[in-house]
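Asks: Input structure: start_14.csv, which contains CSV, C-alpha atoms.
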chain,number,residue,atom,x,y,z
A,1,MET,CA,-34.8,31.0,-27.4
A,2,SER,CA,-33.1,31.7,-30.7
A,3,GLU,CA,-32.7,35.3,-31.2
A,4,SER,CA,-33.7,35.4,-34.9
A,5,ALA,CA,-37.3,35.6,-36.0
A,6,ALA,CA,-38.8,34.2,-32.8
A,7,PRO,CA,-39.8,30.6,-33.8
A,8,SER,CA,-42.8,28.9,-32.3
A,9,ALA,CA,-42.3,26.5,-29.4
A,10,SER,CA,-42.8,23.4,-31.5
A,11,GLU,CA,-40.3,24.8,-34.1
A,12,TYR,CA,-37.8,25.5,-31.4
A,13,ILE,CA,-38.1,21.9,-30.0
A,14,HIS,CA,-38.0,20.4,-33.4
A,15,HIS,CA,-34.9,22.4,-34.3
A,16,HIS,CA,-33.2,21.2,-31.2
A,17,LEU,CA,-34.1,17.5,-31.8
A,18,THR,CA,-32.9,17.4,-35.4
A,19,ASN,CA,-29.5,15.9,-36.2
A,20,TYR,CA,-27.1,17.5,-38.7
A,21,THR,CA,-27.7,14.9,-41.3
A,22,VAL,CA,-25.8,14.3,-44.5
A,23,GLY,CA,-26.9,11.8,-47.1
A,24,HIS,CA,-30.2,10.1,-48.0
A,25,GLY,CA,-32.2,7.1,-46.8
A,26,PHE,CA,-30.3,4.5,-44.8
A,27,TRP,CA,-27.0,5.9,-46.0
A,28,SER,CA,-27.4,9.2,-44.2
A,29,TRP,CA,-25.0,10.2,-41.5
A,30,HIS,CA,-25.6,12.2,-38.3
A,31,VAL,CA,-22.5,14.2,-38.5
A,32,ASP,CA,-23.1,15.8,-35.1
A,33,THR,CA,-23.3,12.4,-33.4
A,34,LEU,CA,-20.3,11.1,-35.1
A,35,ALA,CA,-18.1,14.1,-34.7
A,36,THR,CA,-19.1,14.9,-31.1
A,37,SER,CA,-18.7,11.4,-29.8
A,38,ALA,CA,-15.4,10.9,-31.7
A,39,ALA,CA,-14.1,14.2,-30.4
A,40,LEU,CA,-15.0,13.5,-26.8
A,41,GLY,CA,-13.6,10.0,-27.1
A,42,MET,CA,-10.3,11.3,-28.4
A,43,LEU,CA,-10.2,13.9,-25.7
A,44,MET,CA,-10.9,11.4,-22.8
A,45,PHE,CA,-8.9,8.5,-24.1
A,46,GLY,CA,-6.1,10.8,-25.2
A,47,ILE,CA,-5.8,12.2,-21.7
A,48,MET,CA,-5.9,8.7,-20.3
A,49,TRP,CA,-3.3,7.6,-22.8
A,50,LEU,CA,-1.0,10.5,-21.8
A,51,VAL,CA,-1.5,9.6,-18.1
A,52,GLY,CA,-0.8,6.0,-18.9
A,53,ARG,CA,2.5,6.9,-20.7
A,54,LYS,CA,3.7,8.9,-17.7
A,55,ALA,CA,2.1,6.6,-15.1
A,56,THR,CA,4.4,6.2,-12.1
A,57,SER,CA,4.1,3.6,-9.4
A,58,GLY,CA,5.3,6.2,-6.9
A,59,VAL,CA,3.3,9.2,-5.7
A,60,PRO,CA,0.8,9.9,-8.5
A,61,GLY,CA,-0.1,13.4,-9.7
A,62,LYS,CA,-3.6,14.7,-9.4
A,63,LEU,CA,-4.5,13.8,-13.0
A,64,GLN,CA,-3.1,10.3,-12.6
A,65,ALA,CA,-4.9,9.9,-9.3
A,66,ALA,CA,-8.2,10.9,-10.9
A,67,VAL,CA,-7.7,8.4,-13.8
A,68,GLU,CA,-6.7,5.8,-11.3
A,69,ILE,CA,-9.8,6.4,-9.2
A,70,VAL,CA,-12.0,5.8,-12.3
A,71,LEU,CA,-10.0,2.8,-13.4
A,72,GLU,CA,-10.0,1.2,-10.0
A,73,MET,CA,-13.7,1.7,-9.6
A,74,VAL,CA,-14.2,-0.1,-12.9
A,75,GLN,CA,-11.7,-2.8,-12.0
A,76,GLU,CA,-13.5,-3.4,-8.7
A,77,GLN,CA,-16.9,-3.7,-10.4
A,78,VAL,CA,-15.5,-6.1,-13.0
A,79,HIS,CA,-13.7,-8.1,-10.3
A,80,ASP,CA,-16.9,-8.4,-8.2
A,81,THR,CA,-19.1,-9.4,-11.1
A,82,PHE,CA,-16.9,-11.2,-13.6
A,83,HIS,CA,-15.1,-14.3,-12.6
A,84,GLY,CA,-14.0,-15.6,-16.0
A,85,GLU,CA,-10.7,-15.1,-17.8
A,86,SER,CA,-10.8,-12.2,-20.2
A,87,LYS,CA,-8.4,-9.3,-20.9
A,88,LEU,CA,-11.1,-7.5,-22.8
A,89,ILE,CA,-13.7,-7.0,-20.2
A,90,GLY,CA,-11.9,-4.4,-18.0
A,91,PRO,CA,-10.9,-2.1,-20.9
A,92,LEU,CA,-14.4,-2.6,-22.4
A,93,ALA,CA,-16.1,-1.5,-19.2
A,94,LEU,CA,-13.7,1.4,-18.8
A,95,THR,CA,-14.3,2.6,-22.4
A,96,ILE,CA,-18.0,2.5,-21.9
A,97,PHE,CA,-18.0,4.3,-18.6
A,98,VAL,CA,-15.7,7.1,-19.6
A,99,TRP,CA,-17.1,7.6,-23.1
A,100,VAL,CA,-20.8,7.5,-22.0
A,101,PHE,CA,-20.0,9.8,-19.1
A,102,ALA,CA,-18.3,12.3,-21.3
A,103,ILE,CA,-21.0,12.2,-23.9
A,104,ASN,CA,-23.8,12.5,-21.3
A,105,ALA,CA,-22.0,15.4,-19.8
A,106,MET,CA,-22.7,17.3,-23.0
A,107,ASP,CA,-26.2,17.5,-21.6
A,108,LEU,CA,-25.1,20.1,-19.2
A,109,LEU,CA,-24.1,22.5,-21.9
A,110,PRO,CA,-26.8,25.2,-22.4
A,111,VAL,CA,-29.2,23.8,-25.0
A,112,ASP,CA,-28.7,26.8,-27.3
A,113,PHE,CA,-24.9,26.8,-27.1
A,114,ALA,CA,-24.1,24.0,-29.6
A,115,PRO,CA,-26.6,25.1,-32.3
A,116,MET,CA,-25.4,28.7,-31.8
A,117,VAL,CA,-21.7,27.7,-32.4
A,118,ALA,CA,-22.8,25.5,-35.3
A,119,GLY,CA,-24.7,28.5,-36.7
A,120,TRP,CA,-21.5,30.5,-36.9
A,121,PHE,CA,-20.1,27.9,-39.3
A,122,GLY,CA,-23.3,27.9,-41.3
A,123,VAL,CA,-24.5,24.6,-39.9
A,124,GLU,CA,-28.2,24.6,-39.1
A,125,HIS,CA,-28.5,21.8,-36.6
A,126,TRP,CA,-26.2,20.4,-34.0
A,127,LYS,CA,-27.5,17.9,-31.5
A,128,VAL,CA,-24.7,17.9,-29.1
A,129,VAL,CA,-25.6,14.8,-26.9
A,130,PRO,CA,-24.9,11.7,-29.0
A,131,THR,CA,-26.6,9.5,-26.4
A,132,THR,CA,-29.9,11.2,-27.3
A,133,ASP,CA,-29.4,9.6,-30.8
A,134,PRO,CA,-30.5,6.0,-30.8
A,135,ASN,CA,-27.9,5.3,-33.5
A,136,HIS,CA,-25.3,5.9,-30.9
A,137,THR,CA,-26.8,3.8,-28.1
A,138,PHE,CA,-27.7,1.0,-30.4
A,139,ALA,CA,-24.3,1.0,-31.9
A,140,MET,CA,-22.9,0.5,-28.4
A,141,SER,CA,-25.3,-2.1,-27.3
A,142,LEU,CA,-25.1,-4.1,-30.4
A,143,THR,CA,-21.3,-4.1,-30.2
A,144,VAL,CA,-21.7,-5.4,-26.7
A,145,PHE,CA,-24.1,-7.9,-28.0
A,146,PHE,CA,-21.7,-9.2,-30.5
A,147,LEU,CA,-18.9,-9.3,-27.9
A,148,CYS,CA,-21.2,-11.4,-25.7
A,149,ILE,CA,-21.8,-13.9,-28.5
A,150,PHE,CA,-18.0,-13.9,-29.2
A,151,GLY,CA,-17.5,-14.5,-25.4
A,152,ASN,CA,-20.0,-17.4,-25.5
A,153,PHE,CA,-18.1,-19.0,-28.3
A,154,ALA,CA,-14.7,-18.4,-26.7
A,155,ALA,CA,-15.7,-19.7,-23.3
A,156,LYS,CA,-18.0,-22.7,-24.2
A,157,GLY,CA,-17.2,-23.5,-27.8
A,158,PRO,CA,-20.0,-23.7,-30.4
A,159,MET,CA,-21.4,-27.0,-29.1
A,160,GLY,CA,-21.4,-25.8,-25.5
A,161,TYR,CA,-23.2,-22.7,-26.5
A,162,LEU,CA,-25.7,-24.6,-28.5
A,163,LYS,CA,-26.3,-27.1,-25.7
A,164,GLU,CA,-26.8,-24.3,-23.2
A,165,ALA,CA,-29.2,-22.5,-25.5
A,166,LEU,CA,-31.2,-25.7,-25.9
A,167,THR,CA,-31.2,-27.0,-22.4
A,168,VAL,CA,-31.4,-24.0,-20.1
A,169,PRO,CA,-33.6,-23.3,-18.2
A,170,PHE,CA,-36.2,-26.2,-18.6
A,171,GLY,CA,-33.9,-29.1,-19.5
A,172,PRO,CA,-33.5,-31.0,-22.8
A,173,ALA,CA,-37.2,-32.1,-23.0
A,174,LEU,CA,-38.3,-28.6,-23.7
A,175,ALA,CA,-35.5,-27.7,-26.1
A,176,PRO,CA,-37.6,-25.5,-28.5
A,177,ALA,CA,-39.0,-23.5,-25.6
A,178,ASN,CA,-35.5,-23.1,-24.2
A,179,LEU,CA,-34.2,-21.8,-27.6
A,180,ILE,CA,-37.1,-19.3,-27.9
A,181,PHE,CA,-36.5,-18.1,-24.4
A,182,ARG,CA,-32.8,-17.7,-25.1
A,183,ILE,CA,-33.3,-15.8,-28.3
A,184,VAL,CA,-35.8,-13.4,-26.6
A,185,GLU,CA,-33.5,-13.0,-23.6
A,186,ASP,CA,-30.4,-12.3,-25.8
A,187,LEU,CA,-32.3,-9.9,-28.0
A,188,ALA,CA,-33.8,-8.1,-25.0
A,189,LYS,CA,-30.4,-7.3,-23.6
A,190,PRO,CA,-29.1,-4.9,-26.3
A,191,ILE,CA,-32.5,-3.4,-26.8
A,192,SER,CA,-33.0,-2.6,-23.1
A,193,LEU,CA,-29.4,-1.5,-22.7
A,194,SER,CA,-29.6,1.0,-25.5
A,195,LEU,CA,-33.2,2.2,-25.0
A,196,ARG,CA,-32.6,2.8,-21.3
A,197,LEU,CA,-29.6,5.1,-22.0
A,198,PHE,CA,-31.4,6.8,-24.9
A,199,GLY,CA,-34.6,7.3,-23.0
A,200,ASN,CA,-33.0,8.8,-20.0
A,201,MET,CA,-30.8,11.2,-21.9
A,202,PHE,CA,-33.4,12.1,-24.4
A,203,ALA,CA,-35.9,12.9,-21.6
A,204,GLY,CA,-33.3,14.9,-19.7
A,205,GLU,CA,-32.4,16.9,-22.8
A,206,MET,CA,-36.1,17.4,-23.6
A,207,VAL,CA,-36.6,19.0,-20.1
A,208,PHE,CA,-33.7,21.3,-20.7
A,209,ILE,CA,-35.2,22.3,-24.1
A,210,LEU,CA,-38.6,23.0,-22.4
A,211,ILE,CA,-36.8,25.0,-19.7
A,212,GLY,CA,-35.1,26.9,-22.6
A,213,LEU,CA,-38.6,27.9,-23.8
A,214,LEU,CA,-39.2,29.8,-20.5
A,215,PRO,CA,-38.5,33.5,-20.2
A,216,VAL,CA,-34.8,34.1,-19.5
A,217,TRP,CA,-35.2,35.5,-16.0
A,218,VAL,CA,-36.9,32.3,-14.7
A,219,GLN,CA,-34.8,29.7,-16.5
A,220,TRP,CA,-32.3,29.4,-13.7
A,221,LEU,CA,-35.0,28.5,-11.2
A,222,LEU,CA,-35.8,25.2,-13.0
A,223,GLY,CA,-32.6,24.8,-14.9
A,224,THR,CA,-30.3,24.8,-11.9
A,225,PRO,CA,-31.9,22.0,-9.9
A,226,TRP,CA,-32.5,20.0,-13.1
A,227,ALA,CA,-28.8,20.4,-14.0
A,228,ILE,CA,-27.7,19.4,-10.6
A,229,PHE,CA,-30.0,16.4,-10.6
A,230,HIS,CA,-28.7,15.6,-14.1
A,231,ILE,CA,-25.1,15.3,-12.8
A,232,LEU,CA,-26.4,12.2,-11.0
A,233,VAL,CA,-28.3,10.9,-14.0
A,234,ILE,CA,-25.2,11.4,-16.3
A,235,THR,CA,-23.0,9.4,-13.9
A,236,LEU,CA,-25.7,6.8,-13.1
A,237,GLN,CA,-26.5,6.1,-16.7
A,238,ALA,CA,-22.9,5.7,-17.6
A,239,PHE,CA,-22.4,3.4,-14.6
A,240,ILE,CA,-25.5,1.3,-15.4
A,241,PHE,CA,-24.5,0.8,-19.0
A,242,MET,CA,-21.1,-0.3,-17.9
A,243,ILE,CA,-22.2,-2.6,-15.1
A,244,LEU,CA,-24.9,-4.3,-17.3
A,245,THR,CA,-22.3,-4.8,-19.9
A,246,VAL,CA,-20.1,-6.5,-17.4
A,247,ILE,CA,-22.9,-8.7,-16.2
A,248,TYR,CA,-23.9,-9.7,-19.7
A,249,MET,CA,-20.3,-10.5,-20.5
A,250,SER,CA,-19.9,-12.6,-17.3
A,251,MET,CA,-23.1,-14.4,-18.3
A,252,ALA,CA,-21.6,-15.1,-21.6
A,253,TYR,CA,-18.3,-16.4,-20.1
A,254,GLU,CA,-19.9,-18.5,-17.4
A,255,SER,CA,-22.3,-21.3,-17.9
A,256,HIS,CA,-25.7,-20.8,-16.4
B,1,MET,CA,-36.0,7.2,-34.1
B,2,ASP,CA,-34.4,7.1,-37.5
B,3,ILE,CA,-31.8,4.4,-37.6
B,4,ASN,CA,-29.3,5.0,-40.4
B,5,ALA,CA,-25.7,4.5,-41.3
B,6,THR,CA,-24.6,6.5,-38.3
B,7,ILE,CA,-25.0,3.3,-36.3
B,8,ILE,CA,-22.2,1.7,-38.4
B,9,GLY,CA,-20.0,4.7,-37.9
B,10,GLN,CA,-20.6,4.7,-34.1
B,11,ALA,CA,-20.0,1.0,-33.8
B,12,ILE,CA,-16.7,1.5,-35.6
B,13,THR,CA,-15.8,4.5,-33.4
B,14,PHE,CA,-16.7,2.4,-30.3
B,15,ALA,CA,-14.7,-0.5,-31.5
B,16,ILE,CA,-11.7,1.7,-32.1
B,17,PHE,CA,-11.9,3.2,-28.6
B,18,ILE,CA,-12.2,-0.2,-27.0
B,19,TRP,CA,-9.2,-1.3,-28.9
B,20,PHE,CA,-7.3,1.8,-27.9
B,21,THR,CA,-8.2,1.4,-24.3
B,22,LEU,CA,-7.3,-2.2,-24.4
B,23,LYS,CA,-3.9,-1.5,-26.0
B,24,PHE,CA,-2.7,1.9,-24.6
B,25,VAL,CA,-4.8,2.9,-21.6
B,26,TRP,CA,-5.5,-0.1,-19.5
B,27,PRO,CA,-2.1,-1.9,-19.4
B,28,PRO,CA,0.2,0.9,-18.3
B,29,ILE,CA,-2.1,2.3,-15.6
B,30,THR,CA,-3.0,-1.2,-14.2
B,31,ALA,CA,0.7,-2.0,-14.3
B,32,ALA,CA,1.5,1.2,-12.3
B,33,LEU,CA,-1.3,0.3,-9.8
B,34,GLU,CA,0.0,-3.2,-9.3
B,35,GLU,CA,3.5,-2.0,-9.0
B,36,ARG,CA,2.5,0.5,-6.4
B,37,ALA,CA,0.5,-2.1,-4.5
B,38,GLN,CA,3.6,-4.3,-4.5
B,39,LYS,CA,5.7,-1.4,-3.3
B,40,ILE,CA,3.3,-0.7,-0.4
B,41,ALA,CA,3.2,-4.4,0.5
B,42,ASP,CA,7.0,-4.5,0.5
B,43,GLY,CA,7.2,-1.4,2.6
B,44,LEU,CA,4.8,-2.8,5.1
B,45,ALA,CA,6.7,-6.0,5.2
B,46,ALA,CA,9.9,-4.1,5.7
B,47,ALA,CA,8.4,-2.1,8.5
B,48,GLU,CA,7.1,-5.3,10.2
B,49,ARG,CA,10.6,-6.7,9.8
B,50,GLY,CA,12.2,-3.6,11.2
B,51,LYS,CA,9.8,-3.7,14.2
B,52,SER,CA,10.7,-7.3,15.0
B,53,ASP,CA,14.4,-6.6,14.5
B,54,LEU,CA,14.1,-3.7,16.9
B,55,ALA,CA,12.3,-5.9,19.5
B,56,GLN,CA,15.0,-8.5,19.1
B,57,ALA,CA,17.7,-5.9,19.5
B,58,GLU,CA,16.0,-4.6,22.6
B,59,ARG,CA,15.8,-8.1,24.0
B,60,LYS,CA,19.5,-8.6,23.2
B,61,SER,CA,20.5,-5.4,24.8
B,62,ALA,CA,18.5,-6.1,27.9
B,63,ASP,CA,20.1,-9.5,28.1
B,64,ALA,CA,23.6,-8.0,27.7
B,65,LEU,CA,22.8,-5.5,30.4
B,66,VAL,CA,21.8,-8.2,32.8
B,67,GLU,CA,24.9,-10.2,32.0
B,68,ALA,CA,27.1,-7.1,32.4
B,69,ARG,CA,25.5,-6.3,35.7
B,70,GLN,CA,26.0,-9.9,36.8
B,71,LYS,CA,29.6,-9.9,35.7
B,72,GLY,CA,30.2,-6.6,37.5
B,73,ALA,CA,28.7,-8.0,40.7
B,74,GLU,CA,30.9,-11.0,40.3
B,75,ILE,CA,34.0,-8.9,39.8
B,76,ILE,CA,33.2,-6.8,42.8
B,77,ALA,CA,32.6,-9.9,45.0
B,78,LEU,CA,35.9,-11.4,43.7
B,79,SER,CA,37.8,-8.3,44.4
B,80,GLU,CA,36.3,-8.1,47.9
B,81,LYS,CA,37.4,-11.6,48.5
B,82,ARG,CA,40.8,-10.8,47.2
B,83,ARG,CA,41.1,-7.7,49.4
B,84,VAL,CA,40.3,-9.8,52.5
B,85,GLU,CA,42.7,-12.4,51.4
B,86,ILE,CA,45.5,-9.9,50.9
B,87,ILE,CA,44.8,-8.3,54.3
B,88,GLU,CA,44.8,-11.8,55.9
B,89,GLU,CA,48.0,-12.7,54.1
B,90,ALA,CA,49.7,-9.4,55.1
B,91,LYS,CA,48.5,-10.0,58.7
B,92,ALA,CA,49.9,-13.5,58.8
B,93,GLU,CA,53.1,-12.4,57.2
B,94,ALA,CA,53.5,-9.6,59.7
B,95,LEU,CA,52.8,-12.0,62.6
B,96,ALA,CA,55.3,-14.4,61.3
B,97,ALA,CA,57.9,-11.7,60.9
B,98,ALA,CA,57.2,-10.4,64.4
B,99,GLU,CA,57.5,-13.9,65.7
B,100,ARG,CA,60.8,-14.3,63.9
B,101,ILE,CA,62.2,-11.1,65.2
B,102,LYS,CA,61.1,-11.9,68.7
B,103,GLN,CA,62.8,-15.3,68.5
B,104,ALA,CA,65.9,-13.8,67.1
B,105,ALA,CA,66.0,-11.3,69.9
B,106,GLN,CA,65.4,-14.0,72.5
B,107,ALA,CA,68.1,-16.1,71.0
B,108,GLU,CA,70.5,-13.2,71.1
B,109,VAL,CA,69.5,-12.4,74.7
B,110,GLU,CA,70.1,-16.0,75.6
B,111,GLN,CA,73.4,-16.0,73.8
B,112,GLU,CA,74.4,-12.7,75.5
B,113,THR,CA,73.4,-14.1,78.9
B,114,PHE,CA,75.3,-17.2,78.3
B,115,ARG,CA,78.4,-15.3,77.1
B,116,ALA,CA,78.1,-13.0,80.2
B,117,ARG,CA,77.8,-15.9,82.4
B,118,GLU,CA,80.8,-17.6,80.8
B,119,SER,CA,82.9,-14.5,81.1
B,120,LEU,CA,81.7,-14.0,84.7
B,121,ARG,CA,82.6,-17.6,85.4
B,122,ALA,CA,85.9,-17.1,83.8
B,123,LYS,CA,86.5,-14.0,85.8
B,124,VAL,CA,85.4,-15.7,89.1
B,125,ALA,CA,87.8,-18.6,88.3
B,126,GLU,CA,90.5,-16.1,87.6
B,127,LEU,CA,89.7,-14.3,90.8
B,128,ALA,CA,89.7,-17.6,92.7
B,129,VAL,CA,93.0,-18.5,91.1
B,130,ALA,CA,94.4,-15.1,91.8
B,131,GLY,CA,93.1,-15.4,95.4
B,132,ALA,CA,94.6,-18.8,95.8
B,133,GLU,CA,97.8,-17.5,94.3
B,134,ARG,CA,97.9,-14.7,96.6
B,135,ILE,CA,97.2,-17.0,99.5
B,136,LEU,CA,99.8,-19.4,98.3
B,137,ARG,CA,102.3,-16.6,97.9
B,138,ARG,CA,101.6,-15.5,101.4
B,139,GLU,CA,102.1,-19.1,102.4
B,140,ILE,CA,105.4,-19.0,101.0
B,141,ASN,CA,106.2,-16.1,103.3
B,142,ALA,CA,107.7,-17.9,106.3
B,143,GLU,CA,106.6,-15.3,108.8
B,144,ALA,CA,103.0,-15.6,107.9
B,145,HIS,CA,103.5,-19.2,107.3
B,146,ALA,CA,105.3,-19.5,110.6
B,147,GLU,CA,102.5,-17.7,112.3
B,148,LEU,CA,100.1,-20.0,110.7
B,149,LEU,CA,102.3,-22.8,111.5
B,150,THR,CA,102.6,-21.6,114.9
B,151,ALA,CA,98.9,-21.3,115.2
B,152,ILE,CA,98.5,-24.7,114.0
B,153,SER,CA,101.3,-26.0,116.1
B,154,ALA,CA,99.9,-24.1,119.0
B,155,GLU,CA,96.6,-25.6,118.4
B,156,LEU,CA,98.1,-28.9,118.2
Rewrite the coordinates I just gave you, this time as structure tokens.
Replies:
Amino acid sequence: MSESAAPSASEYIHHHLTNYTVGHGFWSWHVDTLATSAALGMLMFGIMWLVGRKATSGVPGKLQAAVEIVLEMVQEQVHDTFHGESKLIGPLALTIFVWVFAINAMDLLPVDFAPMVAGWFGVEHWKVVPTTDPNHTFAMSLTVFFLCIFGNFAAKGPMGYLKEALTVPFGPALAPANLIFRIVEDLAKPISLSLRLFGNMFAGEMVFILIGLLPVWVQWLLGTPWAIFHILVITLQAFIFMILTVIYMSMAYESH
Amino acid sequence: MDINATIIGQAITFAIFIWFTLKFVWPPITAALEERAQKIADGLAAAERGKSDLAQAERKSADALVEARQKGAEIIALSEKRRVEIIEEAKAEALAAAERIKQAAQAEVEQETFRARESLRAKVAELAVAGAERILRREINAEAHAELLTAISAEL
């Protein structure tokens, strides 16, 4: 609970679910989402960049070994799923896994911590988990969506892509139905991708906020198991987003 | 769910991170991994080669040992034969020498005998001559001669 002026439960929840927003209408920016995700990305990819610069083919250090474990996991998943030729897919999957994992991990910060720190700087709201902001998850899934379209063009050419859209799965006789199916299918991909991540993380964060409403002496009783369980959710959601991206990309690069 | 310009910012951020990973993170680490895999493969191959080399060397040394043993046995047999030969040769030589010495001694004995006989014969002849001489000288002595003559004449 916030220490000042004891807000009501709904006020407390609303406060925690409000982004630090600048601007009006469509042209408003969630500064907390932008800044947190960018900072986490710079941290994670900065570390990996440093590891990559000093990477040795001899005995790796502990940090290098950790980065290698993640990279090899991603590489293996890509290798198992994706059989096309693309230099993009591996780095893309690695970026998604690492970034989403780091962002989701912010869920484990105490729910009052980020708003408190923001409060010191005179900022009223700070939603610290960007994956609970649909702007973030949709930005990622739509980027993947456009990369899939790009992959379709790159692998099959415009005519091949069009032909596939018109003839799969019912054959050329039912071309309009095929096209409608294809459009629905392709649109469902980014929507499901982003809403799955958003929903999971939002719900998880919501439970943490509700636990935060409880008296301090009982919070650990529910908070600890939920946090431990959430370690799994964090990793799993990052993995699912990554693996689905790889699958969608491989569908784009391979003909059905 | 308020979708706003944040989505554009996030997409740009995402794109930058993808590009960064593609450019600066993925290549060096995968290169290091591949290089290490290659090193390990090389090491394993080298170990395998070393093993086969060792086995070959062991086989060679065993062969050499057998050969050496054979040669040793041959040399021993040869020297044994040579020893017997030398002994036989020495024996034969000794026998021959003994024979030669014996013959020489025999010849000498024969020669000595012969010489003794010759000298004996000479001495006998001399004695006979001397005896005859003496007899003859006494013959010349008339008295004796006369006696003889008398005897002869008496007989007659």
Asks: For chain B, list the residues within 10 Å of chain A, counting only C-alpha atoms, and write the list as a count of residues only.
Replies: 40
Asks: Calculate how many Å separate atom CA of A:Ala227 from atom CA of A:Pro215, rounding to one decimal.
Replies: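 It comes out at 17.4 Å.
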Asks: Could you work out how far atom CA of A:Phe145 lies from atom CA of A:Asp186, giving the answer in Å with one decimal?
Replies: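 So the answer is 8.0 Å.
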Asks: Could you state the separation of atom CA of A:Leu166 and atom CA of A:Pro190 in Å, given to one decimal place?
Replies: 20.9 Å
Asks: Can you patch up stretch 66-71 of chain B, filling it in to all heavy atoms, and show the result as a PDB file, in the frame of the given file?
Replies:
ATOM      1  N   VAL B  66      21.856  -7.277  31.652  1.00  0.00           N
ATOM      2  CA  VAL B  66      21.800  -8.200  32.800  1.00  0.00           C
ATOM      3  C   VAL B  66      23.070  -8.915  33.019  1.00  0.00           C
ATOM      4  O   VAL B  66      23.592  -8.995  34.140  1.00  0.00           O
ATOM      5  CB  VAL B  66      20.585  -9.169  32.605  1.00  0.00           C
ATOM      6  CG1 VAL B  66      20.660 -10.298  33.616  1.00  0.00           C
ATOM      7  CG2 VAL B  66      19.255  -8.450  32.716  1.00  0.00           C
ATOM      8  N   GLU B  67      23.603  -9.394  31.904  1.00  0.00           N
ATOM      9  CA  GLU B  67      24.900 -10.200  32.000  1.00  0.00           C
ATOM     10  C   GLU B  67      25.984  -9.280  32.517  1.00  0.00           C
ATOM     11  O   GLU B  67      26.757  -9.696  33.385  1.00  0.00           O
ATOM     12  CB  GLU B  67      25.202 -10.649  30.568  1.00  0.00           C
ATOM     13  CG  GLU B  67      26.099 -11.863  30.571  1.00  0.00           C
ATOM     14  CD  GLU B  67      26.357 -12.326  29.143  1.00  0.00           C
ATOM     15  OE1 GLU B  67      25.410 -12.287  28.342  1.00  0.00           O
ATOM     16  OE2 GLU B  67      27.490 -12.683  28.842  1.00  0.00           O
ATOM     17  N   ALA B  68      26.020  -8.044  31.970  1.00  0.00           N
ATOM     18  CA  ALA B  68      27.100  -7.100  32.400  1.00  0.00           C
ATOM     19  C   ALA B  68      26.967  -6.820  33.883  1.00  0.00           C
ATOM     20  O   ALA B  68      27.970  -6.803  34.606  1.00  0.00           O
ATOM     21  CB  ALA B  68      26.979  -5.825  31.598  1.00  0.00           C
ATOM     22  N   ARG B  69      25.710  -6.636  34.303  1.00  0.00           N
ATOM     23  CA  ARG B  69      25.500  -6.300  35.700  1.00  0.00           C
ATOM     24  C   ARG B  69      25.968  -7.522  36.576  1.00  0.00           C
ATOM     25  O   ARG B  69      26.631  -7.350  37.583  1.00  0.00           O
ATOM     26  CB  ARG B  69      23.992  -6.091  35.935  1.00  0.00           C
ATOM     27  CG  ARG B  69      23.745  -5.050  36.988  1.00  0.00           C
ATOM     28  CD  ARG B  69      22.300  -4.650  37.011  1.00  0.00           C
ATOM     29  NE  ARG B  69      22.019  -3.513  36.169  1.00  0.00           N
ATOM     30  CZ  ARG B  69      20.831  -3.268  35.614  1.00  0.00           C
ATOM     31  NH1 ARG B  69      19.842  -4.123  35.796  1.00  0.00           N
ATOM     32  NH2 ARG B  69      20.656  -2.204  34.884  1.00  0.00           N
ATOM     33  N   GLN B  70      25.626  -8.708  36.120  1.00  0.00           N
ATOM     34  CA  GLN B  70      26.000  -9.900  36.800  1.00  0.00           C
ATOM     35  C   GLN B  70      27.541 -10.014  36.925  1.00  0.00           C
ATOM     36  O   GLN B  70      28.107 -10.275  37.995  1.00  0.00           O
ATOM     37  CB  GLN B  70      25.494 -11.131  36.070  1.00  0.00           C
ATOM     38  CG  GLN B  70      24.798 -12.142  36.950  1.00  0.00           C
ATOM     39  CD  GLN B  70      23.949 -13.070  36.110  1.00  0.00           C
ATOM     40  OE1 GLN B  70      24.123 -13.126  34.900  1.00  0.00           O
ATOM     41  NE2 GLN B  70      23.051 -13.778  36.745  1.00  0.00           N
ATOM     42  N   LYS B  71      28.163  -9.775  35.773  1.00  0.00           N
ATOM     43  CA  LYS B  71      29.600  -9.900  35.700  1.00  0.00           C
ATOM     44  C   LYS B  71      30.241  -8.842  36.645  1.00  0.00           C
ATOM     45  O   LYS B  71      31.220  -9.138  37.355  1.00  0.00           O
ATOM     46  CB  LYS B  71      30.078  -9.641  34.280  1.00  0.00           C
ATOM     47  CG  LYS B  71      30.845 -10.859  33.772  1.00  0.00           C
ATOM     48  CD  LYS B  71      31.265 -10.696  32.345  1.00  0.00           C
ATOM     49  CE  LYS B  71      31.196 -12.048  31.660  1.00  0.00           C
ATOM     50  NZ  LYS B  71      31.287 -11.923  30.219  1.00  0.00           N
TER      51      LYS B  71
END
